[in-house]
>>> print(open('target.txt').read())   # compact mmCIF, C-alpha atoms
# COMPACT_ATOMS: atom_id res chain seq x y z
CA MET A 1 27.24 9.42 -8.31
CA LEU A 2 23.48 9.06 -8.69
CA SER A 3 22.10 7.67 -11.89
CA HIS A 4 18.81 8.43 -13.61
CA THR A 5 17.78 4.77 -13.26
CA GLN A 6 18.56 4.66 -9.52
CA ILE A 7 16.34 7.63 -8.72
CA TRP A 8 13.37 6.36 -10.72
CA ASN A 9 13.76 2.82 -9.37
CA ALA A 10 13.74 4.25 -5.84
CA LEU A 11 10.46 6.07 -6.57
CA ASP A 12 8.99 2.85 -7.95
CA ARG A 13 9.99 1.02 -4.76
CA LEU A 14 8.55 3.81 -2.65
CA ALA A 15 5.24 3.44 -4.48
CA GLU A 16 5.26 -0.36 -4.12
CA ARG A 17 5.92 -0.24 -0.40
CA ASN A 18 2.88 1.96 0.03
CA GLY A 19 0.58 -0.25 -2.06
CA LEU A 20 0.55 2.25 -4.92
CA SER A 21 1.35 2.50 -8.59
CA PRO A 22 3.63 5.37 -9.74
CA SER A 23 0.54 7.38 -10.72
CA GLY A 24 -1.07 6.57 -7.36
CA LEU A 25 2.02 7.87 -5.56
CA ALA A 26 1.92 11.08 -7.60
CA LYS A 27 -1.74 11.67 -6.76
CA LYS A 28 -1.15 10.94 -3.07
CA ALA A 29 1.61 13.58 -3.15
CA GLY A 30 -0.74 16.14 -4.68
CA LEU A 31 1.00 16.04 -8.07
CA ASP A 32 -0.29 15.44 -11.58
CA ALA A 33 -1.09 11.72 -11.89
CA THR A 34 1.43 11.30 -14.73
CA THR A 35 4.39 12.88 -12.89
CA PHE A 36 6.09 9.56 -12.08
CA ASN A 37 4.88 7.54 -15.07
CA LYS A 38 7.50 5.67 -17.08
CA SER A 39 6.50 7.60 -20.20
CA LYS A 40 7.65 10.83 -18.52
CA ARG A 41 11.18 9.62 -17.76
CA ILE A 42 12.55 10.13 -21.27
CA THR A 43 11.83 13.20 -23.41
CA ASN A 44 10.58 12.95 -27.00
CA ASP A 45 14.10 13.59 -28.27
CA GLY A 46 15.58 10.81 -26.14
CA ARG A 47 17.02 12.83 -23.25
CA GLU A 48 16.70 11.62 -19.65
CA ARG A 49 14.14 13.53 -17.61
CA TRP A 50 14.82 13.60 -13.86
CA PRO A 51 12.16 14.01 -11.13
CA SER A 52 12.30 17.41 -9.47
CA THR A 53 13.47 17.82 -5.89
CA GLU A 54 10.04 19.23 -5.06
CA SER A 55 8.18 16.20 -6.44
CA VAL A 56 10.44 13.79 -4.55
CA SER A 57 9.99 15.82 -1.36
CA LYS A 58 6.21 15.78 -1.72
CA ALA A 59 6.23 12.01 -2.31
CA LEU A 60 8.28 11.43 0.85
CA THR A 61 6.02 13.70 2.90
CA ALA A 62 2.87 11.99 1.61
CA THR A 63 4.17 8.53 2.50
CA GLY A 64 5.86 9.53 5.76
CA VAL A 65 9.23 8.21 4.59
CA PRO A 66 12.36 10.00 5.90
CA ILE A 67 15.13 10.96 3.50
CA ASP A 68 17.57 8.36 4.89
CA SER A 69 15.09 5.59 4.05
CA PHE A 70 14.76 6.96 0.54
CA VAL A 71 18.54 6.91 0.21
CA ASN A 72 18.44 3.23 1.11
CA LEU A 73 15.94 2.70 -1.69
CA ILE A 74 18.31 4.47 -4.08
CA GLU A 75 21.31 2.46 -3.01
CA GLY A 76 19.55 -0.90 -3.00
CA THR A 77 20.43 -2.93 -6.07
CA LYS A 78 18.36 -5.94 -5.06
CA ARG A 79 15.03 -6.23 -3.33
CA ILE A 80 15.14 -7.98 -0.01
CA VAL A 81 12.61 -10.79 -0.15
CA GLN A 82 10.56 -11.67 2.90
CA SER A 83 8.45 -14.78 3.24
CA VAL A 84 5.01 -13.78 4.52
CA PRO A 85 1.80 -15.73 5.24
CA LEU A 86 -0.71 -15.68 2.38
CA LEU A 87 -4.49 -15.99 2.69
CA GLY A 88 -7.33 -15.63 0.22
CA PHE A 89 -9.25 -12.41 0.89
CA ALA A 90 -12.56 -14.24 1.07
CA GLN A 91 -11.25 -16.29 4.00
CA ALA A 92 -10.10 -13.29 6.01
CA GLY A 93 -13.49 -12.71 7.60
CA HIS A 94 -13.69 -16.24 8.98
CA GLY A 95 -12.69 -16.96 12.56
CA GLY A 96 -9.32 -18.35 13.56
CA TYR A 97 -7.04 -16.60 11.07
CA PHE A 98 -6.32 -13.46 13.11
CA ASP A 99 -5.94 -12.57 16.75
CA ASP A 100 -7.71 -9.60 18.36
CA ALA A 101 -4.92 -7.22 17.27
CA GLY A 102 -5.16 -8.24 13.61
CA PHE A 103 -1.98 -10.34 13.59
CA PRO A 104 -2.01 -13.70 11.75
CA ALA A 105 -2.93 -16.45 14.19
CA GLY A 106 -1.58 -19.98 13.79
CA SER A 107 -0.61 -21.58 10.51
CA LYS A 108 -3.70 -23.57 9.51
CA GLY A 109 -5.12 -22.33 6.22
CA TRP A 110 -2.21 -20.00 5.49
CA ASP A 111 0.17 -20.43 2.56
CA GLU A 112 3.45 -18.58 2.12
CA VAL A 113 4.70 -16.21 -0.54
CA GLY A 114 8.02 -14.42 -1.06
CA LEU A 115 7.57 -10.65 -1.49
CA PRO A 116 9.62 -7.47 -0.92
CA SER A 117 10.52 -6.95 2.73
CA VAL A 118 8.22 -4.62 4.67
CA ASN A 119 10.13 -4.59 7.98
CA ASP A 120 7.26 -6.04 9.97
CA GLU A 121 7.51 -9.57 11.31
CA HIS A 122 3.71 -9.69 11.54
CA ALA A 123 3.10 -8.67 7.91
CA TYR A 124 0.90 -10.92 5.80
CA ALA A 125 -0.47 -11.10 2.26
CA LEU A 126 -4.03 -11.30 1.00
CA LYS A 127 -4.97 -12.47 -2.48
CA ILE A 128 -7.73 -10.39 -4.05
CA MET A 129 -10.66 -12.37 -5.41
CA GLY A 130 -13.23 -10.88 -7.76
CA ASP A 131 -13.57 -7.41 -9.24
CA SER A 132 -15.22 -5.52 -6.37
CA MET A 133 -12.03 -3.50 -5.74
CA LYS A 134 -11.35 -2.44 -9.34
CA PRO A 135 -9.71 -0.29 -10.58
CA ALA A 136 -7.42 -0.19 -7.52
CA TYR A 137 -7.00 -3.97 -7.27
CA ARG A 138 -7.91 -6.71 -9.70
CA ASP A 139 -8.73 -10.38 -9.31
CA GLY A 140 -5.50 -12.23 -8.49
CA ASP A 141 -3.56 -9.20 -7.18
CA ILE A 142 -1.69 -9.71 -3.91
CA ILE A 143 -1.62 -7.02 -1.24
CA VAL A 144 0.76 -6.99 1.73
CA VAL A 145 -0.66 -5.74 5.01
CA SER A 146 1.43 -4.44 7.91
CA PRO A 147 -0.41 -4.43 11.25
CA GLU A 148 2.37 -2.36 12.84
CA ALA A 149 2.60 0.35 10.17
CA GLN A 150 1.44 3.84 11.11
CA ILE A 151 -1.85 4.77 9.44
CA ARG A 152 -2.60 8.22 8.03
CA LYS A 153 -5.51 9.81 6.23
CA GLY A 154 -5.49 8.70 2.58
CA ASP A 155 -3.81 5.34 3.23
CA ARG A 156 -5.32 2.19 1.79
CA VAL A 157 -6.25 -0.13 4.63
CA VAL A 158 -7.79 -3.48 5.47
CA VAL A 159 -10.54 -3.19 8.07
CA LYS A 160 -12.26 -5.93 10.04
CA THR A 161 -15.44 -5.18 11.95
CA LYS A 162 -16.57 -6.98 15.07
CA ASP A 163 -19.33 -8.53 12.93
CA GLY A 164 -16.63 -10.33 10.91
CA GLU A 165 -16.81 -8.16 7.78
CA VAL A 166 -13.43 -7.54 6.11
CA MET A 167 -12.96 -4.80 3.53
CA VAL A 168 -10.29 -2.84 1.68
CA LYS A 169 -10.88 0.91 1.71
CA GLU A 170 -9.10 4.24 1.84
CA LEU A 171 -9.00 5.90 5.24
CA LYS A 172 -10.94 9.16 4.93
CA ARG A 173 -11.14 10.18 8.58
CA ARG A 174 -10.37 8.61 11.93
CA THR A 175 -11.24 9.92 15.37
CA THR A 176 -11.51 8.28 18.76
CA LYS A 177 -15.22 7.70 18.09
CA LEU A 178 -15.60 7.29 14.32
CA ILE A 179 -13.84 5.72 11.34
CA GLU A 180 -14.82 6.95 7.86
CA LEU A 181 -13.76 4.92 4.82
CA GLN A 182 -13.81 5.71 1.12
CA SER A 183 -14.46 2.91 -1.37
CA LEU A 184 -11.82 2.15 -3.99
CA ASN A 185 -14.50 1.11 -6.47
CA PRO A 186 -16.74 4.05 -7.48
CA ASN A 187 -19.68 1.65 -7.77
CA HIS A 188 -19.53 0.89 -4.05
CA VAL A 189 -20.66 3.25 -1.31
CA ASP A 190 -18.36 4.76 1.29
CA ARG A 191 -18.64 3.36 4.79
CA SER A 192 -18.41 4.71 8.31
CA PHE A 193 -18.34 2.88 11.64
CA PRO A 194 -18.21 3.76 15.31
CA ALA A 195 -14.62 3.05 16.37
CA SER A 196 -15.96 0.56 18.91
CA ASP A 197 -17.40 -1.56 16.06
CA VAL A 198 -14.01 -2.02 14.38
CA GLU A 199 -11.96 -4.98 15.55
CA TRP A 200 -8.77 -3.90 13.77
CA ILE A 201 -7.46 -1.75 10.95
CA ALA A 202 -4.12 -2.24 9.18
CA ARG A 203 -2.29 -0.45 6.40
CA ILE A 204 -1.59 -1.89 2.93
CA VAL A 205 2.13 -1.37 2.25
CA TRP A 206 2.62 -3.18 -1.06
CA ALA A 207 0.61 -4.54 -3.97
CA SER A 208 1.58 -6.82 -6.88
CA GLN A 209 0.25 -4.58 -9.64
>>> encode(input="target.txt", output="structure tokens")
Amino acid sequence: MLSHTQIWNALDRLAERNGLSPSGLAKKAGLDATTFNKSKRITNDGRERWPSTESVSKALTATGVPIDSFVNLIEGTKRIVQSVPLLGFAQAGHGGYFDDAGFPAGSKGWDEVGLPSVNDEHAYALKIMGDSMKPAYRDGDIIVVSPEAQIRKGDRVVVKTKDGEVMVKELKRRTTKLIELQSLNPNHVDRSFPASDVEWIARIVWASQ
């Protein structure tokens, strides 16, 4: 029998694995930003409020997660912890840390951190430094990047250009010739690049927010 706590915990895990907060997941699914907030899970008179089937369906569609994977999130009582390489974001643009495909290269300069499993042996973590990515990410937040994860419009991604610039953006549009990126910080301009100028692009699948 499903419990109220199991369903909401599964939605929280779904958000985490996609680098989102509960409100971020709701917005990505085209719902009101407060739909999955903790304050909405109990009514004013103390009764449990359950997420609707429609809202759960929209969240799964938006994140590309099949129903059987969501069931696994419901049934999981413990988070599987995976040890992944950790690098400061400011170092990511320097040579020697990644190969041409965007996979971590070697071990020099990398630390390790235990975080929820993302089912990608090449996954790695970056530690945010500074406030240039607020309000999405703050100084000290850790994001987990999966080079093998499928990327869709609206996903938050890490992009490295052939000039060595590394940035965190939201994928706005991607064609065979052009990549358009939306800035997470409203004070920073959006960017666009010829696809040939981008060395690699990888999806953010979790964030320690």
>>> atom_distance(input="target.txt", atom1="CA of Thr161 in chain A", atom2="CA of Ala195 in chain A")
9.4 Å
>>> atom_distance(input="target.txt", atom1="CA of Leu73 in chain A", atom2="CA of Asn9 in chain A")
8.0 Å
>>> residues_around(input="target.txt", residues="Asp139 in chain A", least_positions_apart="6", cutoff="8 Å", atoms="all atoms listed in the file", output="ChimeraX atom specification")
/A:128-131
>>> closest_residue(input="target.txt", among="A:Pro104, A:Gly64, A:Gly154, A:Pro186", to="Lys28 in chain A", atoms="all atoms listed in the file")
A:Gly154
>>> residues_around(input="target.txt", residues="Glu54 in chain A", least_positions_apart="3", cutoff="12 Å", atoms="all atoms listed in the file", output="list in words")
Ala26, Ala29, Gly30, Leu31, Thr35, Trp50, Pro51, Ser57, Lys58, Ala59, Leu60 and Thr61 of chain A
>>> closest_residue(input="target.txt", among="A:Val113, A:Ala33, A:Ala105, A:Leu14", to="Phe70 in chain A", atoms="all atoms listed in the file")
A:Leu14
>>> residues_around(input="target.txt", residues="Arg203 in chain A", least_positions_apart="2", cutoff="9 Å", atoms="only C-alpha atoms", output="VMD selection string")
chain A and resid 18 to 19 144 to 152 155 to 159 201 205
>>> closest_residue(input="target.txt", among="A:Gly46, A:Leu11, A:His122, A:Ser55", to="Ser69 in chain A", atoms="all atoms listed in the file")
A:Leu11
>>> closest_residue(input="target.txt", among="A:Tyr137, A:Val71, A:Lys177, A:Gly96", to="Val56 in chain A", atoms="all atoms listed in the file")
A:Val71
>>> atom_distance(input="target.txt", atom1="CA of Gln182 in chain A", atom2="CA of Glu170 in chain A")
5.0 Å
>>> closest_residue(input="target.txt", among="A:Pro194, A:Gly164, A:Gly140, A:Pro22", to="Leu87 in chain A", atoms="all atoms listed in the file")
A:Gly140
>>> axis_aligned_box(input="target.txt", around="range 83-99 of chain A", padding_each_side="6 Å", output="AutoDock Vina command-line options")
--center_x -2.6 --center_y -15.4 --center_z 8.5 --size_x 34.1 --size_y 17.9 --size_z 28.5
>>> residues_around(input="target.txt", residues="Thr5 in chain A", least_positions_apart="2", cutoff="12 Å", atoms="all atoms listed in the file", output="PyMOL selection string")
chain A and resi 1-3+7-12+38+41-42+48-51+73-77
>>> residues_around(input="target.txt", residues="Phe89 in chain A", least_positions_apart="2", cutoff="6 Å", atoms="only C-alpha atoms", output="PyMOL selection string")
chain A and resi 91-92+126-128
